[in-house]
Amino acid sequence: MFGIFIFYSVYLKLSSRCRIQVFRYVTDTPRHTVLPWGHLAFGYLVYSLGQRAVRRRPPTDLPTIALVVGTQLPDLVDKPLNWWFGVFDGRGAGHSLLVMGPCCLLVYLLARRYGYGRLAGGFVTGVLTHLFSDAWLPILAGDIQIGAPYLLWPLLPAPTYEKDSLLDHAVALEGSLRSLPWDSPVALLSTWFGAQLGIMLLLVSLWVYDGVPGLRVVTGGVRTLRTRV
Ligand SMILES: [Zn+2]
């Protein structure tokens, strides 16, 4: 952890000049939206490559299911809090490293004690990749205080957004889907939405190449349910 902090400080020092140009649009776009499948795709890419690098084998079934849950958990915590209880504005405790970090550590230590360390590894990878994919621009720009203050909630106040209800999300998604250049695949892939679709395609290819880990658990669960109905 301390090593990551040192590395990040050195990175910010070295990149202080060029990041002003490269990430200028971060200040113009204080929040970019990563869709659920974008989180899933990025999380699976990191996990699969990590498993191959460390264990020299593709991900297995149950840790992959835990990864999927982890990739969605920060939004599953903060979005309902916002939509149904008016707490935070879509990114708060569930997106805070100061909250999720200790929770993940606790989950991992407990799981490892009872022999489920690999399961917890998938879950923790999912949560951390979600936080990074929401905040990668401000993190790389060294602009956490303005671009991603939720990462350090409650030390920094959780951000407020003008509109963030479930209906606002649906309307914004519908508007952005209408405005996409569907007639040109190249132009489509150059948009943020298209880039996430591209990553999703990459994910599906990698997942099939890995032997569709997790699918057996889902189909097995459905079969069991059917036999009990
Ligand atoms: Zn999120």
# chains A, B, ... in the order shown; residues from 1 in each chain; ligands from 1

call {"tool": "residues_near_ligand", "arguments": {"ligand": "ligand 1", "cutoff": "8 Å", "atoms": "only C-alpha atoms and all ligand atoms", "output": "list in words"}}
result
Val34, Gln72, Pro74, Asp75, Asp78, Gly90, Arg91, His95, His130, Leu131 and Asp134 of chain A

call {"tool": "write_last_selection", "arguments": {"atoms": "C-alpha atoms", "output": "compact mmCIF listing (two decimals), in the first residue's frame"}}
result
# COMPACT_ATOMS: atom_id res chain seq x y z
CA VAL A 34 -19.03 4.03 -16.73
CA GLN A 72 -21.12 -3.80 -9.29
CA PRO A 74 -20.05 0.32 -5.19
CA ASP A 75 -23.01 1.31 -7.41
CA ASP A 78 -24.55 4.29 -3.54
CA GLY A 90 -24.65 8.57 -6.58
CA ARG A 91 -21.07 8.32 -5.33
CA HIS A 95 -17.09 4.63 -3.74
CA HIS A 130 -14.83 -0.44 -10.17
CA LEU A 131 -13.38 2.44 -8.13
CA ASP A 134 -14.92 5.44 -12.21

call {"tool": "residues_around", "arguments": {"residues": "Pro102 of chain A", "least_positions_apart": "5", "cutoff": "12 Å", "atoms": "only C-alpha atoms", "output": "VMD selection string"}}
result
chain A and resid 93 to 94 96 to 97 107 to 109 124 127 to 128

call {"tool": "write_last_selection", "arguments": {"atoms": "N, CA and C atoms", "output": "short mmCIF file (atom, residue, chain, number, x, y, z; two decimals), in the first residue's frame"}}
result
data_model
loop_
_atom_site.label_atom_id
_atom_site.label_comp_id
_atom_site.auth_asym_id
_atom_site.auth_seq_id
_atom_site.Cartn_x
_atom_site.Cartn_y
_atom_site.Cartn_z
N ALA A 93 -20.16 6.68 0.17
CA ALA A 93 -19.47 5.66 0.98
C ALA A 93 -19.07 4.43 0.16
N GLY A 94 -19.94 4.03 -0.75
CA GLY A 94 -19.65 2.84 -1.56
C GLY A 94 -18.51 3.06 -2.55
N SER A 96 -15.88 5.08 -1.67
CA SER A 96 -14.77 5.64 -0.89
C SER A 96 -13.73 4.56 -0.60
N LEU A 97 -12.48 4.86 -0.90
CA LEU A 97 -11.41 3.93 -0.57
C LEU A 97 -11.28 3.78 0.94
N VAL A 107 -12.97 -8.53 4.63
CA VAL A 107 -13.57 -9.66 3.90
C VAL A 107 -12.48 -10.64 3.49
N TYR A 108 -11.37 -10.11 2.98
CA TYR A 108 -10.29 -10.98 2.50
C TYR A 108 -9.68 -11.78 3.66
N LEU A 109 -9.40 -11.10 4.78
CA LEU A 109 -8.76 -11.78 5.91
C LEU A 109 -9.68 -12.87 6.48
N VAL A 124 -12.58 -8.64 -4.15
CA VAL A 124 -11.80 -7.41 -3.90
C VAL A 124 -11.33 -6.80 -5.23
N VAL A 127 -14.23 -4.87 -6.73
CA VAL A 127 -14.50 -3.57 -6.07
C VAL A 127 -13.44 -2.54 -6.47
N LEU A 128 -12.17 -2.93 -6.39
CA LEU A 128 -11.10 -1.96 -6.66
C LEU A 128 -11.09 -1.53 -8.13
#

call {"tool": "atom_distance", "arguments": {"atom1": "atom CA of Gly121 of chain A", "atom2": "atom CA of Val99 of chain A"}}
result
17.6 Å

call {"tool": "residues_around", "arguments": {"residues": "segment 40-51 of chain A", "least_positions_apart": "4", "cutoff": "9 Å", "atoms": "only C-alpha atoms", "output": "tab-separated table (two decimals) with C-alpha atoms, in the first residue's frame"}}
result
chain	number	residue	atom	x	y	z
A	35	LEU	CA	-21.91	1.69	-17.47
A	36	PRO	CA	-22.32	-1.59	-15.54
A	55	ARG	CA	-1.27	-18.65	-11.23
A	56	ARG	CA	-0.64	-19.42	-14.91
A	57	ARG	CA	-4.26	-20.48	-15.41
A	58	PRO	CA	-7.57	-18.81	-16.29
A	59	PRO	CA	-10.07	-17.71	-13.61
A	64	THR	CA	-15.44	-15.19	-11.17
A	67	LEU	CA	-15.66	-10.77	-9.13
A	68	VAL	CA	-18.91	-9.95	-10.95
A	70	GLY	CA	-17.56	-6.90	-6.66
A	71	THR	CA	-17.55	-4.99	-9.96
A	72	GLN	CA	-21.12	-3.80	-9.29
A	122	GLY	CA	-12.09	-12.06	-7.01
A	125	THR	CA	-10.48	-7.16	-7.47
A	126	GLY	CA	-14.02	-6.36	-8.63
A	127	VAL	CA	-14.50	-3.57	-6.07
A	128	LEU	CA	-11.10	-1.96	-6.66
A	129	THR	CA	-11.38	-2.06	-10.46
A	130	HIS	CA	-14.83	-0.44	-10.17
A	133	SER	CA	-12.63	2.75	-13.67
A	196	GLN	CA	-17.10	0.48	-23.50
A	199	ILE	CA	-14.07	-3.46	-24.22
A	200	MET	CA	-17.19	-5.58	-23.66
A	201	LEU	CA	-16.56	-7.45	-26.93
A	202	LEU	CA	-12.97	-7.99	-25.83
A	203	LEU	CA	-14.25	-9.27	-22.50
A	204	VAL	CA	-16.62	-11.79	-24.10
A	206	LEU	CA	-11.44	-13.43	-23.41
A	207	TRP	CA	-14.16	-15.04	-21.28
A	210	ASP	CA	-10.87	-18.72	-20.61

call {"tool": "select_by_dssp", "arguments": {"residues": "segment 97-216 of chain A", "states": "alpha helix (DSSP H)", "output": "VMD selection string"}}
result
chain A and resid 97 to 113 117 to 141 144 to 147 166 to 178 185 to 189 192 to 209 215 to 216

call {"tool": "write_last_selection", "arguments": {"atoms": "C-alpha atoms", "output": "short mmCIF file (atom, residue, chain, number, x, y, z; two decimals), in the first residue's frame"}}
result
data_model
loop_
_atom_site.label_atom_id
_atom_site.label_comp_id
_atom_site.auth_asym_id
_atom_site.auth_seq_id
_atom_site.Cartn_x
_atom_site.Cartn_y
_atom_site.Cartn_z
CA LEU A 97 -11.41 3.93 -0.57
CA LEU A 98 -11.49 4.84 3.11
CA VAL A 99 -14.69 2.78 3.54
CA MET A 100 -14.36 0.06 0.93
CA GLY A 101 -10.61 -0.45 1.50
CA PRO A 102 -10.98 -1.62 5.14
CA CYS A 103 -14.17 -3.58 4.23
CA CYS A 104 -12.32 -5.40 1.46
CA LEU A 105 -9.38 -6.10 3.75
CA LEU A 106 -11.70 -7.50 6.42
CA VAL A 107 -13.57 -9.66 3.90
CA TYR A 108 -10.29 -10.98 2.50
CA LEU A 109 -8.76 -11.78 5.91
CA LEU A 110 -11.93 -13.52 7.15
CA ALA A 111 -12.38 -15.44 3.89
CA ARG A 112 -8.75 -16.54 3.85
CA ARG A 113 -9.03 -17.79 7.40
CA GLY A 117 -9.15 -16.55 -0.02
CA ARG A 118 -9.43 -16.97 -3.78
CA LEU A 119 -13.13 -16.15 -3.66
CA ALA A 120 -12.41 -12.97 -1.72
CA GLY A 121 -9.58 -12.16 -4.16
CA GLY A 122 -12.09 -12.06 -7.01
CA PHE A 123 -14.49 -9.92 -4.98
CA VAL A 124 -11.80 -7.41 -3.90
CA THR A 125 -10.48 -7.16 -7.47
CA GLY A 126 -14.02 -6.36 -8.63
CA VAL A 127 -14.50 -3.57 -6.07
CA LEU A 128 -11.10 -1.96 -6.66
CA THR A 129 -11.38 -2.06 -10.46
CA HIS A 130 -14.83 -0.44 -10.17
CA LEU A 131 -13.38 2.44 -8.13
CA PHE A 132 -10.47 2.84 -10.53
CA SER A 133 -12.63 2.75 -13.67
CA ASP A 134 -14.92 5.44 -12.21
CA ALA A 135 -12.02 7.68 -11.24
CA TRP A 136 -9.12 6.84 -13.57
CA LEU A 137 -9.07 10.24 -15.27
CA PRO A 138 -8.87 12.29 -12.05
CA ILE A 139 -6.41 9.75 -10.57
CA LEU A 140 -4.05 9.98 -13.56
CA ALA A 141 -4.48 13.76 -13.67
CA ILE A 144 -8.79 13.59 -6.97
CA GLN A 145 -9.86 16.53 -4.83
CA ILE A 146 -12.02 17.99 -7.61
CA GLY A 147 -12.58 15.08 -9.99
CA LEU A 166 -33.08 6.84 -11.63
CA LEU A 167 -35.27 8.67 -14.17
CA ASP A 168 -32.49 11.21 -14.89
CA HIS A 169 -30.12 8.32 -15.62
CA ALA A 170 -32.64 6.67 -17.95
CA VAL A 171 -33.34 9.95 -19.79
CA ALA A 172 -29.62 10.76 -20.10
CA LEU A 173 -28.87 7.24 -21.38
CA GLU A 174 -31.68 7.43 -23.92
CA GLY A 175 -30.45 10.87 -25.10
CA SER A 176 -26.86 9.71 -25.47
CA LEU A 177 -27.95 6.51 -27.30
CA ARG A 178 -29.92 8.63 -29.78
CA PRO A 185 -18.66 1.81 -36.63
CA VAL A 186 -15.36 3.73 -36.49
CA ALA A 187 -17.02 6.92 -35.24
CA LEU A 188 -19.10 4.84 -32.80
CA LEU A 189 -16.01 3.19 -31.33
CA TRP A 192 -16.99 6.81 -24.68
CA PHE A 193 -20.03 4.53 -25.05
CA GLY A 194 -18.51 2.81 -28.09
CA ALA A 195 -15.21 2.30 -26.27
CA GLN A 196 -17.10 0.48 -23.50
CA LEU A 197 -18.87 -1.65 -26.09
CA GLY A 198 -15.46 -2.47 -27.62
CA ILE A 199 -14.07 -3.46 -24.22
CA MET A 200 -17.19 -5.58 -23.66
CA LEU A 201 -16.56 -7.45 -26.93
CA LEU A 202 -12.97 -7.99 -25.83
CA LEU A 203 -14.25 -9.27 -22.50
CA VAL A 204 -16.62 -11.79 -24.10
CA SER A 205 -13.81 -13.07 -26.35
CA LEU A 206 -11.44 -13.43 -23.41
CA TRP A 207 -14.16 -15.04 -21.28
CA VAL A 208 -14.85 -17.65 -23.99
CA TYR A 209 -11.10 -18.21 -24.40
CA LEU A 215 -21.34 -20.09 -16.41
CA ARG A 216 -21.46 -23.60 -14.91
#

call {"tool": "decode", "arguments": {"residues": "segment 40-57 of chain A", "atoms": "N, CA and C atoms", "output": "mmCIF file, in the first residue's frame"}}
result
data_model
loop_
_atom_site.group_PDB
_atom_site.id
_atom_site.type_symbol
_atom_site.label_atom_id
_atom_site.label_comp_id
_atom_site.auth_asym_id
_atom_site.auth_seq_id
_atom_site.Cartn_x
_atom_site.Cartn_y
_atom_site.Cartn_z
ATOM 1 N N LEU A 40 -17.806 -4.325 -15.467
ATOM 2 C CA LEU A 40 -17.645 -5.780 -15.548
ATOM 3 C C LEU A 40 -16.489 -6.137 -16.483
ATOM 4 N N ALA A 41 -16.459 -5.474 -17.636
ATOM 5 C CA ALA A 41 -15.430 -5.785 -18.632
ATOM 6 C C ALA A 41 -14.039 -5.452 -18.105
ATOM 7 N N PHE A 42 -13.888 -4.268 -17.533
ATOM 8 C CA PHE A 42 -12.566 -3.869 -17.046
ATOM 9 C C PHE A 42 -12.119 -4.799 -15.906
ATOM 10 N N GLY A 43 -13.058 -5.087 -14.978
ATOM 11 C CA GLY A 43 -12.731 -5.958 -13.847
ATOM 12 C C GLY A 43 -12.295 -7.336 -14.323
ATOM 13 N N TYR A 44 -13.030 -7.894 -15.308
ATOM 14 C CA TYR A 44 -12.688 -9.237 -15.771
ATOM 15 C C TYR A 44 -11.341 -9.250 -16.497
ATOM 16 N N LEU A 45 -11.086 -8.200 -17.291
ATOM 17 C CA LEU A 45 -9.795 -8.121 -17.991
ATOM 18 C C LEU A 45 -8.643 -8.153 -16.982
ATOM 19 N N VAL A 46 -8.747 -7.303 -15.958
ATOM 20 C CA VAL A 46 -7.686 -7.234 -14.947
ATOM 21 C C VAL A 46 -7.551 -8.582 -14.230
ATOM 22 N N TYR A 47 -8.698 -9.179 -13.858
ATOM 23 C CA TYR A 47 -8.660 -10.421 -13.082
ATOM 24 C C TYR A 47 -8.091 -11.577 -13.903
ATOM 25 N N SER A 48 -8.569 -11.677 -15.142
ATOM 26 C CA SER A 48 -8.105 -12.778 -15.996
ATOM 27 C C SER A 48 -6.599 -12.661 -16.263
ATOM 28 N N LEU A 49 -6.168 -11.455 -16.621
ATOM 29 C CA LEU A 49 -4.738 -11.270 -16.891
ATOM 30 C C LEU A 49 -3.917 -11.511 -15.627
ATOM 31 N N GLY A 50 -4.449 -11.067 -14.477
ATOM 32 C CA GLY A 50 -3.754 -11.268 -13.195
ATOM 33 C C GLY A 50 -3.633 -12.745 -12.858
ATOM 34 N N GLN A 51 -4.726 -13.506 -13.059
ATOM 35 C CA GLN A 51 -4.703 -14.944 -12.768
ATOM 36 C C GLN A 51 -3.697 -15.666 -13.659
ATOM 37 N N ARG A 52 -3.679 -15.264 -14.924
ATOM 38 C CA ARG A 52 -2.734 -15.900 -15.848
ATOM 39 C C ARG A 52 -1.293 -15.550 -15.498
ATOM 40 N N ALA A 53 -1.096 -14.307 -15.039
ATOM 41 C CA ALA A 53 0.269 -13.885 -14.696
ATOM 42 C C ALA A 53 0.747 -14.556 -13.408
ATOM 43 N N VAL A 54 -0.137 -14.645 -12.406
ATOM 44 C CA VAL A 54 0.276 -15.146 -11.089
ATOM 45 C C VAL A 54 0.151 -16.667 -10.994
ATOM 46 N N ARG A 55 -1.008 -17.208 -11.427
ATOM 47 C CA ARG A 55 -1.271 -18.648 -11.235
ATOM 48 C C ARG A 55 -1.107 -19.458 -12.513
ATOM 49 N N ARG A 56 -0.836 -18.772 -13.600
ATOM 50 C CA ARG A 56 -0.641 -19.421 -14.911
ATOM 51 C C ARG A 56 -1.845 -20.278 -15.311
ATOM 52 N N ARG A 57 -3.039 -19.781 -14.997
ATOM 53 C CA ARG A 57 -4.260 -20.479 -15.413
ATOM 54 C C ARG A 57 -5.410 -19.474 -15.448
#
